[in-house]
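Chemist: Sharing coords_21.csv, CSV, C-alpha atoms:
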```
chain,number,residue,atom,x,y,z
A,1,MET,CA,-15.6,-16.7,0.8
A,2,ASP,CA,-17.0,-14.1,-1.6
A,3,ILE,CA,-14.4,-11.4,-2.0
A,4,MET,CA,-16.8,-8.8,-3.5
A,5,SER,CA,-19.1,-9.1,-0.4
A,6,TYR,CA,-16.1,-8.9,1.9
A,7,LEU,CA,-14.9,-5.7,0.2
A,8,SER,CA,-18.3,-4.1,0.6
A,9,GLY,CA,-18.3,-5.1,4.3
A,10,TYR,CA,-14.8,-3.6,4.7
A,11,VAL,CA,-15.9,-0.4,3.0
A,12,ASP,CA,-19.0,-0.2,5.1
A,13,GLY,CA,-16.7,0.2,8.1
A,14,GLU,CA,-13.7,2.1,6.7
A,15,GLY,CA,-14.8,3.7,3.5
A,16,SER,CA,-16.4,7.0,2.6
A,17,PHE,CA,-18.1,8.6,-0.3
A,18,CYS,CA,-17.5,12.4,-0.4
A,19,VAL,CA,-18.5,15.3,-2.6
A,20,SER,CA,-16.4,18.4,-2.0
A,21,PHE,CA,-16.7,21.9,-3.4
A,22,SER,CA,-13.9,24.4,-3.8
A,23,PRO,CA,-13.8,27.9,-5.4
A,24,SER,CA,-12.0,27.8,-8.7
A,25,LYS,CA,-11.2,30.5,-11.2
A,26,ARG,CA,-10.6,27.8,-13.9
A,27,HIS,CA,-14.2,26.7,-13.7
A,28,LEU,CA,-17.0,28.6,-15.5
A,29,LEU,CA,-19.3,28.7,-12.5
A,30,GLY,CA,-16.6,29.7,-10.1
A,31,TRP,CA,-16.7,26.4,-8.3
A,32,GLU,CA,-15.3,22.9,-8.7
A,33,VAL,CA,-17.2,19.9,-7.6
A,34,ARG,CA,-15.1,16.8,-6.7
A,35,PRO,CA,-16.6,13.4,-5.9
A,36,SER,CA,-14.3,10.9,-4.2
A,37,PHE,CA,-14.4,7.4,-2.9
A,38,SER,CA,-11.8,6.6,-0.2
A,39,VAL,CA,-10.9,4.0,2.3
A,40,SER,CA,-8.6,4.7,5.2
A,41,GLN,CA,-6.5,2.3,7.3
A,42,ASN,CA,-3.6,2.2,9.7
A,43,TYR,CA,-0.2,2.3,8.2
A,44,ASN,CA,0.6,-1.3,9.3
A,45,ARG,CA,-2.5,-2.9,7.8
A,46,ALA,CA,-2.5,-1.9,4.1
A,47,GLU,CA,-3.5,-5.4,2.8
A,48,VAL,CA,-7.1,-4.7,2.1
A,49,LEU,CA,-6.3,-1.3,0.5
A,50,ASN,CA,-4.0,-3.1,-1.9
A,51,LEU,CA,-6.8,-5.6,-2.6
A,52,LEU,CA,-9.3,-2.8,-3.3
A,53,LYS,CA,-6.8,-1.2,-5.7
A,54,GLU,CA,-6.3,-4.6,-7.4
A,55,TYR,CA,-10.0,-5.2,-7.6
A,56,PHE,CA,-10.9,-1.8,-9.1
A,57,ASP,CA,-7.7,-1.7,-11.0
A,58,TYR,CA,-7.4,2.0,-10.3
A,59,GLY,CA,-6.7,4.5,-7.6
A,60,THR,CA,-3.9,5.8,-5.4
A,61,ILE,CA,-2.8,4.7,-1.9
A,62,ARG,CA,-1.2,7.7,-0.1
A,63,PRO,CA,-0.2,8.5,3.5
A,64,ASP,CA,-2.8,10.8,5.1
A,65,ARG,CA,-0.6,13.1,7.3
A,66,SER,CA,-3.6,14.3,9.3
A,67,ASP,CA,-4.1,11.1,11.2
A,68,ASN,CA,-1.2,8.8,10.5
A,69,THR,CA,-3.2,6.5,8.2
A,70,LEU,CA,-3.0,5.3,4.6
A,71,LYS,CA,-5.8,6.4,2.3
A,72,TYR,CA,-6.9,4.6,-0.9
A,73,GLU,CA,-8.8,7.0,-3.2
A,74,ILE,CA,-10.5,7.1,-6.5
A,75,ARG,CA,-11.5,10.5,-8.0
A,76,SER,CA,-11.8,9.7,-11.7
A,77,ILE,CA,-15.5,10.2,-12.6
A,78,THR,CA,-15.2,7.6,-15.4
A,79,VAL,CA,-13.9,4.9,-12.9
A,80,LEU,CA,-16.5,5.9,-10.3
A,81,ILE,CA,-19.2,5.5,-12.9
A,82,GLU,CA,-17.9,2.4,-14.6
A,83,LYS,CA,-16.5,0.4,-11.7
A,84,VAL,CA,-17.1,1.7,-8.2
A,85,ILE,CA,-20.8,2.6,-8.4
A,86,PRO,CA,-21.8,-0.7,-10.2
A,87,HIS,CA,-19.9,-2.6,-7.5
A,88,PHE,CA,-21.9,-1.0,-4.6
A,89,GLU,CA,-25.1,-1.3,-6.6
A,90,GLU,CA,-24.6,-5.1,-6.7
A,91,TYR,CA,-23.1,-5.4,-3.2
A,92,PRO,CA,-24.8,-2.7,-1.2
A,93,LEU,CA,-23.7,-1.4,2.2
A,94,LEU,CA,-25.9,-2.7,5.0
A,95,SER,CA,-25.5,0.3,7.3
A,96,ASN,CA,-27.0,3.8,6.8
A,97,LYS,CA,-23.8,4.7,4.9
A,98,GLN,CA,-25.7,3.2,2.0
A,99,LYS,CA,-27.8,6.4,1.9
A,100,ASP,CA,-24.7,8.4,1.4
A,101,PHE,CA,-23.6,6.1,-1.4
A,102,GLU,CA,-27.0,6.5,-3.2
A,103,ILE,CA,-26.7,10.3,-3.1
A,104,PHE,CA,-23.1,10.0,-4.2
A,105,ALA,CA,-24.1,7.8,-7.1
A,106,GLU,CA,-26.8,10.3,-8.2
A,107,ILE,CA,-24.3,13.2,-8.1
A,108,CYS,CA,-21.7,11.2,-10.1
A,109,LYS,CA,-24.2,10.3,-12.7
A,110,LYS,CA,-25.2,14.0,-13.0
A,111,ILE,CA,-21.6,15.0,-13.4
A,112,TYR,CA,-21.0,12.2,-16.0
A,113,ARG,CA,-23.9,13.7,-18.0
A,114,LYS,CA,-22.2,17.1,-17.7
A,115,GLU,CA,-25.2,18.6,-15.7
A,116,HIS,CA,-22.7,20.3,-13.3
A,117,LEU,CA,-21.8,22.7,-16.1
A,118,THR,CA,-25.0,24.6,-15.9
A,119,SER,CA,-25.9,26.7,-12.8
A,120,LYS,CA,-29.2,24.9,-12.4
A,121,GLY,CA,-27.5,21.5,-12.5
A,122,PHE,CA,-24.7,22.6,-10.2
A,123,ALA,CA,-27.1,24.0,-7.7
A,124,GLU,CA,-29.0,20.6,-7.7
A,125,ILE,CA,-25.7,18.8,-7.0
A,126,VAL,CA,-24.9,21.2,-4.1
A,127,LYS,CA,-28.3,20.6,-2.5
A,128,LEU,CA,-27.9,16.8,-2.9
A,129,ALA,CA,-24.4,16.8,-1.4
A,130,PHE,CA,-25.6,18.6,1.7
A,131,TYR,CA,-28.0,15.7,2.4
A,132,MET,CA,-24.9,13.5,2.9
A,133,ASN,CA,-23.3,12.8,6.2
A,134,PRO,CA,-20.3,15.1,6.3
A,135,SER,CA,-17.2,13.0,6.8
A,136,GLY,CA,-15.3,16.2,7.6
A,137,ILE,CA,-16.0,19.8,8.4
A,138,ARG,CA,-17.4,21.6,5.3
A,139,LYS,CA,-15.4,24.8,4.6
A,140,TYR,CA,-18.3,26.5,2.8
A,141,SER,CA,-22.0,26.5,3.7
A,142,GLN,CA,-24.6,25.4,1.2
A,143,ASP,CA,-26.0,29.0,1.1
A,144,PHE,CA,-22.6,30.5,0.4
A,145,ILE,CA,-21.9,28.2,-2.5
A,146,LEU,CA,-25.4,28.6,-4.0
A,147,LYS,CA,-25.3,32.4,-3.8
A,148,SER,CA,-21.8,32.6,-5.3
A,149,ILE,CA,-22.4,30.4,-8.4
A,150,LYS,CA,-21.7,32.5,-11.4
A,151,LEU,CA,-24.8,32.7,-13.6
A,152,ARG,CA,-24.3,31.0,-16.9
B,1,MET,CA,-24.3,-10.8,-1.7
B,2,ASP,CA,-22.8,-13.2,0.8
B,3,ILE,CA,-23.6,-11.9,4.3
B,4,MET,CA,-21.0,-14.1,6.0
B,5,SER,CA,-18.2,-12.7,3.8
B,6,TYR,CA,-19.6,-9.2,4.3
B,7,LEU,CA,-19.4,-9.5,8.1
B,8,SER,CA,-15.8,-10.7,7.9
B,9,GLY,CA,-14.9,-7.7,5.8
B,10,TYR,CA,-16.6,-5.4,8.3
B,11,VAL,CA,-14.9,-7.0,11.2
B,12,ASP,CA,-11.5,-6.8,9.4
B,13,GLY,CA,-12.0,-3.0,9.5
B,14,GLU,CA,-13.8,-2.4,12.8
B,15,GLY,CA,-13.4,-5.5,14.9
B,16,SER,CA,-10.8,-6.7,17.4
B,17,PHE,CA,-9.7,-9.8,19.2
B,18,CYS,CA,-8.3,-9.2,22.6
B,19,VAL,CA,-7.0,-11.1,25.5
B,20,SER,CA,-6.7,-9.2,28.7
B,21,PHE,CA,-5.2,-10.0,32.1
B,22,SER,CA,-6.3,-8.7,35.5
B,23,PRO,CA,-5.2,-9.5,39.1
B,24,SER,CA,-7.9,-11.5,40.9
B,25,LYS,CA,-8.1,-12.8,44.4
B,26,ARG,CA,-11.0,-15.1,43.2
B,27,HIS,CA,-8.7,-17.0,40.9
B,28,LEU,CA,-6.3,-19.6,42.1
B,29,LEU,CA,-3.3,-18.3,40.2
B,30,GLY,CA,-3.9,-14.8,41.2
B,31,TRP,CA,-4.8,-13.6,37.7
B,32,GLU,CA,-7.9,-13.7,35.5
B,33,VAL,CA,-7.5,-14.1,31.7
B,34,ARG,CA,-10.4,-12.7,29.6
B,35,PRO,CA,-10.7,-13.2,25.8
B,36,SER,CA,-13.1,-10.9,24.0
B,37,PHE,CA,-14.3,-10.3,20.5
B,38,SER,CA,-15.6,-6.8,19.9
B,39,VAL,CA,-16.6,-4.5,17.1
B,40,SER,CA,-17.0,-0.8,17.5
B,41,GLN,CA,-19.0,1.7,15.6
B,42,ASN,CA,-20.3,5.3,15.7
B,43,TYR,CA,-23.5,5.8,17.7
B,44,ASN,CA,-25.5,6.7,14.6
B,45,ARG,CA,-24.5,3.6,12.6
B,46,ALA,CA,-25.4,0.5,14.7
B,47,GLU,CA,-27.0,-1.5,11.8
B,48,VAL,CA,-24.1,-3.9,11.3
B,49,LEU,CA,-23.6,-4.4,15.0
B,50,ASN,CA,-27.2,-5.5,15.2
B,51,LEU,CA,-26.7,-7.8,12.3
B,52,LEU,CA,-23.6,-9.3,14.0
B,53,LYS,CA,-25.6,-9.9,17.2
B,54,GLU,CA,-28.4,-11.5,15.2
B,55,TYR,CA,-25.9,-13.7,13.2
B,56,PHE,CA,-24.0,-14.9,16.3
B,57,ASP,CA,-27.3,-14.9,18.3
B,58,TYR,CA,-25.3,-13.7,21.3
B,59,GLY,CA,-23.4,-10.7,22.8
B,60,THR,CA,-24.1,-7.2,24.1
B,61,ILE,CA,-24.2,-3.8,22.4
B,62,ARG,CA,-23.1,-1.1,24.8
B,63,PRO,CA,-22.1,2.5,24.7
B,64,ASP,CA,-18.3,2.9,25.0
B,65,ARG,CA,-18.0,6.2,27.0
B,66,SER,CA,-14.3,6.5,26.2
B,67,ASP,CA,-14.8,7.4,22.5
B,68,ASN,CA,-18.5,8.0,22.0
B,69,THR,CA,-19.0,4.7,20.1
B,70,LEU,CA,-21.2,1.6,20.4
B,71,LYS,CA,-19.4,-1.6,21.1
B,72,TYR,CA,-20.6,-5.1,20.3
B,73,GLU,CA,-18.9,-7.7,22.5
B,74,ILE,CA,-18.8,-11.4,23.1
B,75,ARG,CA,-16.9,-12.7,26.1
B,76,SER,CA,-18.4,-16.2,26.6
B,77,ILE,CA,-15.7,-18.7,26.0
B,78,THR,CA,-18.4,-21.3,24.8
B,79,VAL,CA,-19.8,-18.9,22.3
B,80,LEU,CA,-16.3,-17.8,21.1
B,81,ILE,CA,-15.4,-21.5,20.6
B,82,GLU,CA,-18.7,-22.7,19.1
B,83,LYS,CA,-19.7,-19.7,17.0
B,84,VAL,CA,-17.1,-16.9,16.6
B,85,ILE,CA,-14.0,-18.9,15.9
B,86,PRO,CA,-15.6,-21.3,13.4
B,87,HIS,CA,-17.0,-18.3,11.5
B,88,PHE,CA,-13.6,-16.7,11.1
B,89,GLU,CA,-11.9,-20.0,10.3
B,90,GLU,CA,-14.4,-20.3,7.4
B,91,TYR,CA,-14.4,-16.7,6.4
B,92,PRO,CA,-10.8,-15.5,7.3
B,93,LEU,CA,-9.7,-11.9,7.6
B,94,LEU,CA,-7.6,-10.7,4.7
B,95,SER,CA,-5.5,-8.2,6.6
B,96,ASN,CA,-2.7,-9.0,9.1
B,97,LYS,CA,-5.4,-8.8,11.8
B,98,GLN,CA,-5.9,-12.5,10.8
B,99,LYS,CA,-2.6,-13.2,12.7
B,100,ASP,CA,-4.2,-11.8,15.9
B,101,PHE,CA,-7.3,-13.9,15.3
B,102,GLU,CA,-5.2,-17.1,15.0
B,103,ILE,CA,-3.4,-16.4,18.3
B,104,PHE,CA,-6.8,-15.5,19.9
B,105,ALA,CA,-8.3,-18.8,18.7
B,106,GLU,CA,-5.3,-20.8,20.0
B,107,ILE,CA,-5.7,-19.1,23.4
B,108,CYS,CA,-9.5,-19.6,23.5
B,109,LYS,CA,-9.0,-23.3,22.7
B,110,LYS,CA,-6.5,-23.6,25.6
B,111,ILE,CA,-8.9,-21.9,28.0
B,112,TYR,CA,-11.8,-24.2,26.8
B,113,ARG,CA,-9.6,-27.2,27.6
B,114,LYS,CA,-8.9,-25.6,31.1
B,115,GLU,CA,-5.2,-25.3,30.4
B,116,HIS,CA,-5.3,-21.8,32.0
B,117,LEU,CA,-5.9,-23.4,35.4
B,118,THR,CA,-2.3,-24.6,35.7
B,119,SER,CA,0.6,-22.2,36.0
B,120,LYS,CA,2.4,-23.8,33.0
B,121,GLY,CA,-0.7,-23.4,30.8
B,122,PHE,CA,-1.4,-19.9,32.1
B,123,ALA,CA,2.2,-18.8,31.4
B,124,GLU,CA,1.9,-20.2,27.8
B,125,ILE,CA,-1.3,-18.1,27.3
B,126,VAL,CA,0.4,-15.0,28.6
B,127,LYS,CA,3.3,-15.4,26.2
B,128,LEU,CA,1.0,-16.0,23.2
B,129,ALA,CA,-1.2,-13.0,24.1
B,130,PHE,CA,1.8,-10.7,24.0
B,131,TYR,CA,2.4,-11.7,20.4
B,132,MET,CA,-0.9,-10.0,19.5
B,133,ASN,CA,-1.2,-6.4,18.4
B,134,PRO,CA,-2.2,-4.5,21.5
B,135,SER,CA,-5.6,-2.8,20.8
B,136,GLY,CA,-5.0,-0.7,23.8
B,137,ILE,CA,-2.3,0.0,26.3
B,138,ARG,CA,-1.5,-3.1,28.5
B,139,LYS,CA,-1.6,-2.3,32.2
B,140,TYR,CA,0.7,-5.1,33.2
B,141,SER,CA,3.9,-6.2,31.4
B,142,GLN,CA,4.4,-9.8,30.4
B,143,ASP,CA,7.3,-10.1,32.9
B,144,PHE,CA,5.2,-8.8,35.7
B,145,ILE,CA,2.3,-11.2,35.1
B,146,LEU,CA,4.6,-14.2,34.6
B,147,LYS,CA,6.6,-13.5,37.8
B,148,SER,CA,3.5,-13.0,39.9
B,149,ILE,CA,1.6,-16.2,38.8
B,150,LYS,CA,1.0,-18.1,42.0
B,151,LEU,CA,2.5,-21.6,41.8
B,152,ARG,CA,0.1,-24.4,41.8
```
If you convert what's in this file into structure tokens, what do you get?
Modeler:
Amino acid sequence: MDIMSYLSGYVDGEGSFCVSFSPSKRHLLGWEVRPSFSVSQNYNRAEVLNLLKEYFDYGTIRPDRSDNTLKYEIRSITVLIEKVIPHFEEYPLLSNKQKDFEIFAEICKKIYRKEHLTSKGFAEIVKLAFYMNPSGIRKYSQDFILKSIKLR
Amino acid sequence: MDIMSYLSGYVDGEGSFCVSFSPSKRHLLGWEVRPSFSVSQNYNRAEVLNLLKEYFDYGTIRPDRSDNTLKYEIRSITVLIEKVIPHFEEYPLLSNKQKDFEIFAEICKKIYRKEHLTSKGFAEIVKLAFYMNPSGIRKYSQDFILKSIKLR
């Protein structure tokens, strides 16, 4: 048994790579961008979430009230760049969720290089993110975000 | 990447091992027992189901109208015994779904040895099956099935 391959298989089914945007007065461009890697599971089957947390040596496991599940999540850009992305580059997803991962990785690398701090870089990130499969309903449209980025 | 470990990880998230019972006039004891291994996935992400079908070289992939998913399923007791069970014995599930698998394997082995054809053997299978996590609502209670087995 190869645990790294196993975890990738598990994440292929239960995991998601998301990039969300929210208006923020604290941010110079008026928007905050937040990448997140998460894996959900029923309350009574947390074993593999614990295993993921042990493997990545980071992240939180919290109840998700919306659907009675537990959610393991990593939001730290440093951990995403140093641990999560290298794992899935070495043990890639075999479904088309891999496409989402690749865009996610590209966005994280841009953020790590601080490209999201310029309006041009931020707009590129927004456009990339909207190529991903939405794992939930997006509150703001691409157009709305792009038009309301404060020039800098 | 080790594809066998990957598939076990995927099945840990998305798969299920079920044993269902239905009344049947064609069966001597008045009941039919049906073990099934299945894996469900969204319509737009069938890749790993195709991979499982290729790997086990058996099974069907069908739309599941109840929840707009695709379902890969193996019901053949021979294939369950010769291919599916040996796979998960070598690459076990790391969550408590493994407990369900172990009971499932025990039941399949009993059926393969024709133990379900005697009322004693059938009753043992019913009792074992009710130790498994129900993946759906059971139509008949354990008591009802046990009391209505035709003596043989």
Chemist: Determine, counting only C-alpha atoms, which protein, DNA and RNA residues have an atom within 10 Å of an atom of A:Arg62; residues of the same chain fewer than 3 positions away are not included. Present the result as a compact mmCIF listing (two decimals) with C-alpha atoms, in the coordinates of the input.
Modeler:
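Final output, selection01.txt:
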```
# COMPACT_ATOMS: atom_id res chain seq x y z
CA SER A 40 -8.60 4.70 5.20
CA TYR A 43 -0.20 2.30 8.20
CA GLY A 59 -6.70 4.50 -7.60
CA ARG A 65 -0.60 13.10 7.30
CA THR A 69 -3.20 6.50 8.20
CA LEU A 70 -3.00 5.30 4.60
CA LYS A 71 -5.80 6.40 2.30
CA TYR A 72 -6.90 4.60 -0.90
CA GLU A 73 -8.80 7.00 -3.20
```
Chemist: Calculated over only C-alpha atoms, which of the candidates A:Ser8, A:Ser22, A:Ser36, A:Ser76 has the smallest distance to chain B?
Modeler: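 Once distances to chain B are computed over only C-alpha atoms, the minimum belongs to A:Ser8.
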Chemist: Within 12 Å of chain B, which residues belong to chain A? Use all atoms listed in the file and report them as number ranges by chain.
Modeler: A: 1-15, 39-52, 87-99, 133
Chemist: Just how far from atom CA of B:Arg34 is atom CA of B:Tyr58, in Å to one decimal?
Modeler: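 Separating atom CA of B:Tyr58 from atom CA of B:Arg34 is a distance of 17.1 Å.
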Chemist: Between atom CA of A:Leu80 and atom CA of A:Thr60, what distance in Å does the model show, to one decimal?
Modeler: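 These atoms are spaced 13.5 Å apart.
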Chemist: Just want the 9 Å neighbourhood of A:Ser141, counted on only C-alpha atoms, with same-chain residues fewer than 4 positions away dropped. Output as a list in words.
Modeler: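 The neighbour list is Phe130, Ile145 and Leu146 of chain A.
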Chemist: Could the residues in this selection be written to a file with C-alpha atoms, as a compact mmCIF listing (two decimals), in the frame of the given file?
Modeler:
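As a result, result_21.txt now contains:
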```txt
# COMPACT_ATOMS: atom_id res chain seq x y z
CA PHE A 130 -25.60 18.60 1.70
CA ILE A 145 -21.90 28.20 -2.50
CA LEU A 146 -25.40 28.60 -4.00
```
Chemist: Between atom CA of A:Ser16 and atom CA of A:Phe37, what distance in Å does the model show, to one decimal?
Modeler: 5.9 Å
Chemist: List every protein, DNA or RNA residue that has an atom no more than 9 Å from (-26.8, 21.0, -0.6) in the file's coordinate frame, counting only C-alpha atoms, and report them as a count of residues only.
Modeler: 15
Chemist: Take the point (-4.3, -0.7, 24.2) as written in the file and pick out every residue within 12 Å of it, counting all atoms listed in the file; give the list as a PDB file with C-alpha atoms, keeping the file's coordinate frame.
Modeler:
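The result, stored in result_16.pdb:
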```
ATOM      1  CA  SER B  16     -10.800  -6.700  17.400  1.00  0.00           C
ATOM      2  CA  PHE B  17      -9.700  -9.800  19.200  1.00  0.00           C
ATOM      3  CA  CYS B  18      -8.300  -9.200  22.600  1.00  0.00           C
ATOM      4  CA  VAL B  19      -7.000 -11.100  25.500  1.00  0.00           C
ATOM      5  CA  SER B  20      -6.700  -9.200  28.700  1.00  0.00           C
ATOM      6  CA  PHE B 130       1.800 -10.700  24.000  1.00  0.00           C
ATOM      7  CA  MET B 132      -0.900 -10.000  19.500  1.00  0.00           C
ATOM      8  CA  ASN B 133      -1.200  -6.400  18.400  1.00  0.00           C
ATOM      9  CA  PRO B 134      -2.200  -4.500  21.500  1.00  0.00           C
ATOM     10  CA  SER B 135      -5.600  -2.800  20.800  1.00  0.00           C
ATOM     11  CA  GLY B 136      -5.000  -0.700  23.800  1.00  0.00           C
ATOM     12  CA  ILE B 137      -2.300   0.000  26.300  1.00  0.00           C
ATOM     13  CA  ARG B 138      -1.500  -3.100  28.500  1.00  0.00           C
ATOM     14  CA  LYS B 139      -1.600  -2.300  32.200  1.00  0.00           C
ATOM     15  CA  TYR B 140       0.700  -5.100  33.200  1.00  0.00           C
TER      16      TYR B 140
END
```
Chemist: Near B:Leu28, counting only C-alpha atoms, which residues have an atom at most 10 Å away, once you skip same-chain residues fewer than 2 positions from it, shown as a ChimeraX atom specification?
Modeler: /B:24-26,30-32,117-119,149-152
Chemist: Select, from B:Phe56, B:Phe122, B:Phe144, B:Phe101, the residue with the minimum atom-to-atom distance to B:Val79, counting all atoms listed in the file.
Modeler: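 Using all atoms listed in the file, B:Val79 sits closest to B:Phe56.
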Chemist: My structure is short of atoms at stretch 49-66 of chain A; please model N, CA and C atoms there, returning them as a PDB file, keeping the file's coordinate frame.
Modeler:
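Wrote rebuild-v6.pdb, looks like this:
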```pdb
ATOM      1  N   LEU A  49      -6.427  -2.451   1.450  1.00  0.00           N
ATOM      2  CA  LEU A  49      -6.300  -1.300   0.500  1.00  0.00           C
ATOM      3  C   LEU A  49      -5.706  -1.793  -0.806  1.00  0.00           C
ATOM      4  N   ASN A  50      -4.663  -2.603  -0.685  1.00  0.00           N
ATOM      5  CA  ASN A  50      -4.000  -3.100  -1.900  1.00  0.00           C
ATOM      6  C   ASN A  50      -5.010  -4.014  -2.694  1.00  0.00           C
ATOM      7  N   LEU A  51      -5.806  -4.768  -1.943  1.00  0.00           N
ATOM      8  CA  LEU A  51      -6.800  -5.600  -2.600  1.00  0.00           C
ATOM      9  C   LEU A  51      -7.857  -4.823  -3.304  1.00  0.00           C
ATOM     10  N   LEU A  52      -8.296  -3.711  -2.696  1.00  0.00           N
ATOM     11  CA  LEU A  52      -9.300  -2.800  -3.300  1.00  0.00           C
ATOM     12  C   LEU A  52      -8.686  -2.238  -4.625  1.00  0.00           C
ATOM     13  N   LYS A  53      -7.425  -1.821  -4.531  1.00  0.00           N
ATOM     14  CA  LYS A  53      -6.800  -1.200  -5.700  1.00  0.00           C
ATOM     15  C   LYS A  53      -6.654  -2.247  -6.830  1.00  0.00           C
ATOM     16  N   GLU A  54      -6.358  -3.489  -6.448  1.00  0.00           N
ATOM     17  CA  GLU A  54      -6.300  -4.600  -7.400  1.00  0.00           C
ATOM     18  C   GLU A  54      -7.646  -4.835  -8.044  1.00  0.00           C
ATOM     19  N   TYR A  55      -8.652  -4.875  -7.178  1.00  0.00           N
ATOM     20  CA  TYR A  55     -10.000  -5.200  -7.600  1.00  0.00           C
ATOM     21  C   TYR A  55     -10.555  -4.128  -8.582  1.00  0.00           C
ATOM     22  N   PHE A  56     -10.420  -2.850  -8.193  1.00  0.00           N
ATOM     23  CA  PHE A  56     -10.900  -1.800  -9.100  1.00  0.00           C
ATOM     24  C   PHE A  56      -9.921  -1.426 -10.159  1.00  0.00           C
ATOM     25  N   ASP A  57      -8.718  -1.968 -10.040  1.00  0.00           N
ATOM     26  CA  ASP A  57      -7.700  -1.700 -11.000  1.00  0.00           C
ATOM     27  C   ASP A  57      -7.443  -0.257 -11.263  1.00  0.00           C
ATOM     28  N   TYR A  58      -7.483   0.506 -10.188  1.00  0.00           N
ATOM     29  CA  TYR A  58      -7.400   2.000 -10.300  1.00  0.00           C
ATOM     30  C   TYR A  58      -7.202   2.548  -8.888  1.00  0.00           C
ATOM     31  N   GLY A  59      -6.747   3.811  -8.864  1.00  0.00           N
ATOM     32  CA  GLY A  59      -6.700   4.500  -7.600  1.00  0.00           C
ATOM     33  C   GLY A  59      -5.316   4.675  -7.028  1.00  0.00           C
ATOM     34  N   THR A  60      -5.213   5.528  -5.998  1.00  0.00           N
ATOM     35  CA  THR A  60      -3.900   5.800  -5.400  1.00  0.00           C
ATOM     36  C   THR A  60      -3.992   5.412  -3.892  1.00  0.00           C
ATOM     37  N   ILE A  61      -2.856   4.968  -3.357  1.00  0.00           N
ATOM     38  CA  ILE A  61      -2.800   4.700  -1.900  1.00  0.00           C
ATOM     39  C   ILE A  61      -1.699   5.712  -1.405  1.00  0.00           C
ATOM     40  N   ARG A  62      -2.105   6.613  -0.533  1.00  0.00           N
ATOM     41  CA  ARG A  62      -1.200   7.700  -0.100  1.00  0.00           C
ATOM     42  C   ARG A  62      -1.256   7.808   1.440  1.00  0.00           C
ATOM     43  N   PRO A  63      -0.157   8.241   2.048  1.00  0.00           N
ATOM     44  CA  PRO A  63      -0.200   8.500   3.500  1.00  0.00           C
ATOM     45  C   PRO A  63      -1.102   9.758   3.723  1.00  0.00           C
ATOM     46  N   ASP A  64      -1.945   9.680   4.724  1.00  0.00           N
ATOM     47  CA  ASP A  64      -2.800  10.800   5.100  1.00  0.00           C
ATOM     48  C   ASP A  64      -2.100  11.406   6.383  1.00  0.00           C
ATOM     49  N   ARG A  65      -1.398  12.540   6.198  1.00  0.00           N
ATOM     50  CA  ARG A  65      -0.600  13.100   7.300  1.00  0.00           C
ATOM     51  C   ARG A  65      -1.488  13.505   8.499  1.00  0.00           C
ATOM     52  N   SER A  66      -2.772  13.812   8.211  1.00  0.00           N
ATOM     53  CA  SER A  66      -3.600  14.300   9.300  1.00  0.00           C
ATOM     54  C   SER A  66      -3.835  13.344  10.411  1.00  0.00           C
TER      55      SER A  66
END
```
